[in-house]
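Structure, as structure tokens:
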Amino acid sequence: MQFLKDTNWNFLGLRKIAFALSGILILAGIVSLVVHGGPRYGIDFTGGRVLEVSFGTQKPDIGKIRDVLSQKNFDKIEVQSITDKPWVMFRIPMELDEKYSDFSEVFMETLRNNFTEEDGYKIEILSNEKVGPKVGEELRSKATWAILFALIAMLIYITIRFQFRFGVASVIALFHDAFITIGIFSILNREITLPIVAALLTIVGYSINDSIVVSDRIRENMTKLRRLGFFELVNKSLNQVFARTIITSFTTMIVVLCLLLFGGKVIHNFALALFIGILVGTYSSIYIVSPIVVQWEKWFPKKIGGAGRR
């Protein structure tokens, strides 16, 4: 990527367009969340039933199972193959489980009618666990606190390592990345599950890495390039780290894209969340963090040569 070397682009000149784009994405997410009554939580957070079923000695076709369930209006059930054995895990939403007096029996009858012993299948329940709404609510609370604690820890670290303004700008960018990811999931009507929470925490860690690289270069140049105005100094810093940021993100996104395209339905939403988060995180480290730091400098100017800790 030789064309990325020695760039002299006016990144900050596009900050108003970037803020407008972010505002549109955030607003679209808010509207979608309001329309849908909040995020669409999976059974990890809302409660439901988890069934592990053995199909005997013959491994079933997961696609056929999904087709059978769809014909019975059971398409909200999540189907997951378990290792290389003829076992399948079914995650059943609470509203579907409570629709019948004994949903497990209705469900098993549906499977036995379509995967018969004559075809080499022997349907048996290996485990049947119910996740109550109270447990789901507790998991939701813990997941929220996990993300908040991660953000607070990032703010403290960057404040100590750099300056408070860099910490605030980075945490705002992290909120920005996480919310846009959740908003897009709401627009696409995708479920928020524990793997998605894990993806959000991964996004927070990845995004803060890019923000730290940018912040470190700005701080370094505040000592080296004292004669430059702060606006020009930040622009130069962004040009210096741009190639590194793009190449790192590009190589990471290739791997995530492979997971998204070829990883199968089980990890599709997880890979999608990572893909969105890394893309938005790379953008925010350049077009959200730096403009906020520049604006902070306008409000609370500091002497460039003395700023920043070592």
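Starting from 1 in every chain, residues are counted up; chains themselves are A, B, ... following the order of the structure tokens, and ligands are numbered from 1 as listed.
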Legend entry - Surrounding residues of segment 234-244 of chain A excluding itself and chain neighbours under 5 positions, 10 Å, only C-alpha atoms, as an MDAnalysis selection string: chainID A and resid 1:13 210 213:222 225 228:229 249:250 282 285:287 290:291 293:294
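All residues within segment 43-88 of chain A that the backbone DSSP calculation assigns to strand (DSSP E) are A:Gly48, A:Arg49, A:Val50, A:Leu51, A:Glu52, A:Val53, A:Ser54, A:Phe55, A:Gly56, A:Glu78, A:Val79, A:Gln80, A:Ser81, A:Ile82, A:Trp87, A:Val88.
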Residues from last step as file, N, CA and C atoms, as a PDB file, in the first residue's frame:
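Saved the output as selection35.pdb:
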```pdb
ATOM      1  N   GLY A  48     -35.995 -18.925  28.309  1.00  0.00           N
ATOM      2  CA  GLY A  48     -36.442 -19.854  27.281  1.00  0.00           C
ATOM      3  C   GLY A  48     -36.029 -21.263  27.644  1.00  0.00           C
ATOM      4  N   ARG A  49     -35.915 -22.107  26.643  1.00  0.00           N
ATOM      5  CA  ARG A  49     -35.569 -23.507  26.888  1.00  0.00           C
ATOM      6  C   ARG A  49     -34.432 -23.928  25.959  1.00  0.00           C
ATOM      7  N   VAL A  50     -33.536 -24.739  26.508  1.00  0.00           N
ATOM      8  CA  VAL A  50     -32.436 -25.295  25.719  1.00  0.00           C
ATOM      9  C   VAL A  50     -32.567 -26.812  25.707  1.00  0.00           C
ATOM     10  N   LEU A  51     -32.757 -27.364  24.519  1.00  0.00           N
ATOM     11  CA  LEU A  51     -32.885 -28.812  24.350  1.00  0.00           C
ATOM     12  C   LEU A  51     -31.668 -29.348  23.608  1.00  0.00           C
ATOM     13  N   GLU A  52     -31.084 -30.408  24.132  1.00  0.00           N
ATOM     14  CA  GLU A  52     -30.050 -31.141  23.404  1.00  0.00           C
ATOM     15  C   GLU A  52     -30.650 -32.474  22.986  1.00  0.00           C
ATOM     16  N   VAL A  53     -30.640 -32.738  21.695  1.00  0.00           N
ATOM     17  CA  VAL A  53     -31.331 -33.907  21.143  1.00  0.00           C
ATOM     18  C   VAL A  53     -30.346 -34.781  20.372  1.00  0.00           C
ATOM     19  N   SER A  54     -30.432 -36.083  20.622  1.00  0.00           N
ATOM     20  CA  SER A  54     -29.644 -37.053  19.861  1.00  0.00           C
ATOM     21  C   SER A  54     -30.496 -37.598  18.719  1.00  0.00           C
ATOM     22  N   PHE A  55     -29.885 -37.731  17.552  1.00  0.00           N
ATOM     23  CA  PHE A  55     -30.584 -38.279  16.389  1.00  0.00           C
ATOM     24  C   PHE A  55     -30.163 -39.726  16.116  1.00  0.00           C
ATOM     25  N   GLY A  56     -29.601 -40.377  17.129  1.00  0.00           N
ATOM     26  CA  GLY A  56     -29.190 -41.765  16.972  1.00  0.00           C
ATOM     27  C   GLY A  56     -27.761 -41.865  16.478  1.00  0.00           C
ATOM     28  N   GLU A  78     -33.377 -21.415  17.536  1.00  0.00           N
ATOM     29  CA  GLU A  78     -31.985 -21.441  17.070  1.00  0.00           C
ATOM     30  C   GLU A  78     -31.490 -22.881  17.051  1.00  0.00           C
ATOM     31  N   VAL A  79     -30.928 -23.311  15.935  1.00  0.00           N
ATOM     32  CA  VAL A  79     -30.458 -24.689  15.759  1.00  0.00           C
ATOM     33  C   VAL A  79     -28.938 -24.687  15.671  1.00  0.00           C
ATOM     34  N   GLN A  80     -28.308 -25.542  16.474  1.00  0.00           N
ATOM     35  CA  GLN A  80     -26.848 -25.576  16.496  1.00  0.00           C
ATOM     36  C   GLN A  80     -26.359 -27.014  16.566  1.00  0.00           C
ATOM     37  N   SER A  81     -25.493 -27.391  15.636  1.00  0.00           N
ATOM     38  CA  SER A  81     -24.898 -28.726  15.639  1.00  0.00           C
ATOM     39  C   SER A  81     -23.843 -28.811  16.735  1.00  0.00           C
ATOM     40  N   ILE A  82     -23.773 -29.965  17.421  1.00  0.00           N
ATOM     41  CA  ILE A  82     -22.828 -30.147  18.519  1.00  0.00           C
ATOM     42  C   ILE A  82     -21.696 -31.066  18.069  1.00  0.00           C
ATOM     43  N   TRP A  87     -25.736 -34.989  17.427  1.00  0.00           N
ATOM     44  CA  TRP A  87     -26.467 -34.259  18.454  1.00  0.00           C
ATOM     45  C   TRP A  87     -26.724 -32.839  17.964  1.00  0.00           C
ATOM     46  N   VAL A  88     -27.878 -32.311  18.352  1.00  0.00           N
ATOM     47  CA  VAL A  88     -28.246 -30.952  17.945  1.00  0.00           C
ATOM     48  C   VAL A  88     -28.794 -30.204  19.156  1.00  0.00           C
TER      49      VAL A  88
END
```
Inset, instruction - Extract, using only C-alpha atoms, all DNA, RNA and protein residues at most 7 Å from segment 265-274 of chain A, discarding same-chain residues fewer than 3 positions from it, and format them as a ChimeraX atom specification. - result: /A:80,181,195-196,199,203,256,259-260,277-278
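In this structure, atom CA of Tyr283 of chain A sits 12.4 Å away from atom CA of Ser170 of chain A.
One finds atom CA of Leu33 of chain A at 28.0 Å from atom CA of Leu69 of chain A.
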Inset, instruction - Compile the contact shell of segment 174-178 of chain A as a ChimeraX atom specification: residues with an atom at most 8 Å away, counting only C-alpha atoms, same-chain residues fewer than 4 positions apart removed. - result: /A:22,26,151,170,182,200,203-204,207-208,277,280-281,284
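Using only C-alpha atoms, the shortest contact distance between Gly132 of chain A and any of A:Gly42, A:Gly47, A:Gly37, A:Gly63 is found at A:Gly47.
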Legend entry - Coordinates-based distance that separates atom CA of Tyr206 of chain A from atom CA of Leu194 of chain A (Å, one decimal): 18.4 Å
Shell around Ser141 of chain A at 12 Å using only C-alpha atoms, local window under 3 positions removed, as a short mmCIF file (atom, residue, chain, number, x, y, z; two decimals) with N, CA and C atoms, in the first residue's frame:
```cif
data_model
loop_
_atom_site.label_atom_id
_atom_site.label_comp_id
_atom_site.auth_asym_id
_atom_site.auth_seq_id
_atom_site.Cartn_x
_atom_site.Cartn_y
_atom_site.Cartn_z
N ASP A 44 -30.71 -16.02 26.19
CA ASP A 44 -29.75 -15.82 27.27
C ASP A 44 -30.23 -14.74 28.22
N PHE A 45 -30.93 -13.74 27.67
CA PHE A 45 -31.36 -12.60 28.46
C PHE A 45 -32.87 -12.57 28.74
N THR A 46 -33.67 -13.22 27.91
CA THR A 46 -35.12 -13.17 28.09
C THR A 46 -35.68 -14.44 28.71
N LYS A 134 -35.83 -14.47 35.27
CA LYS A 134 -35.03 -13.84 36.31
C LYS A 134 -33.54 -14.04 36.05
N VAL A 135 -33.19 -15.27 35.62
CA VAL A 135 -31.80 -15.57 35.28
C VAL A 135 -31.36 -14.73 34.08
N GLY A 136 -32.27 -14.63 33.08
CA GLY A 136 -31.97 -13.82 31.90
C GLY A 136 -31.76 -12.37 32.25
N GLU A 137 -32.58 -11.85 33.16
CA GLU A 137 -32.44 -10.45 33.58
C GLU A 137 -31.12 -10.22 34.31
N GLU A 138 -30.72 -11.21 35.11
CA GLU A 138 -29.45 -11.12 35.83
C GLU A 138 -28.27 -11.12 34.86
N THR A 144 -24.28 -5.70 30.94
CA THR A 144 -24.24 -4.23 30.89
C THR A 144 -23.11 -3.69 31.76
N TRP A 145 -23.01 -4.24 32.98
CA TRP A 145 -21.95 -3.79 33.89
C TRP A 145 -20.57 -4.13 33.36
N ALA A 146 -20.44 -5.27 32.70
CA ALA A 146 -19.14 -5.66 32.12
C ALA A 146 -18.68 -4.63 31.10
N ILE A 147 -19.60 -4.20 30.24
CA ILE A 147 -19.25 -3.20 29.23
C ILE A 147 -18.93 -1.85 29.88
N LEU A 148 -19.73 -1.45 30.88
CA LEU A 148 -19.50 -0.17 31.56
C LEU A 148 -18.16 -0.16 32.29
N LEU A 194 -25.31 -13.60 24.37
CA LEU A 194 -24.02 -13.52 25.08
C LEU A 194 -22.83 -13.44 24.12
N VAL A 197 -22.44 -9.89 23.17
CA VAL A 197 -21.81 -9.11 24.24
C VAL A 197 -20.30 -9.31 24.21
#
```
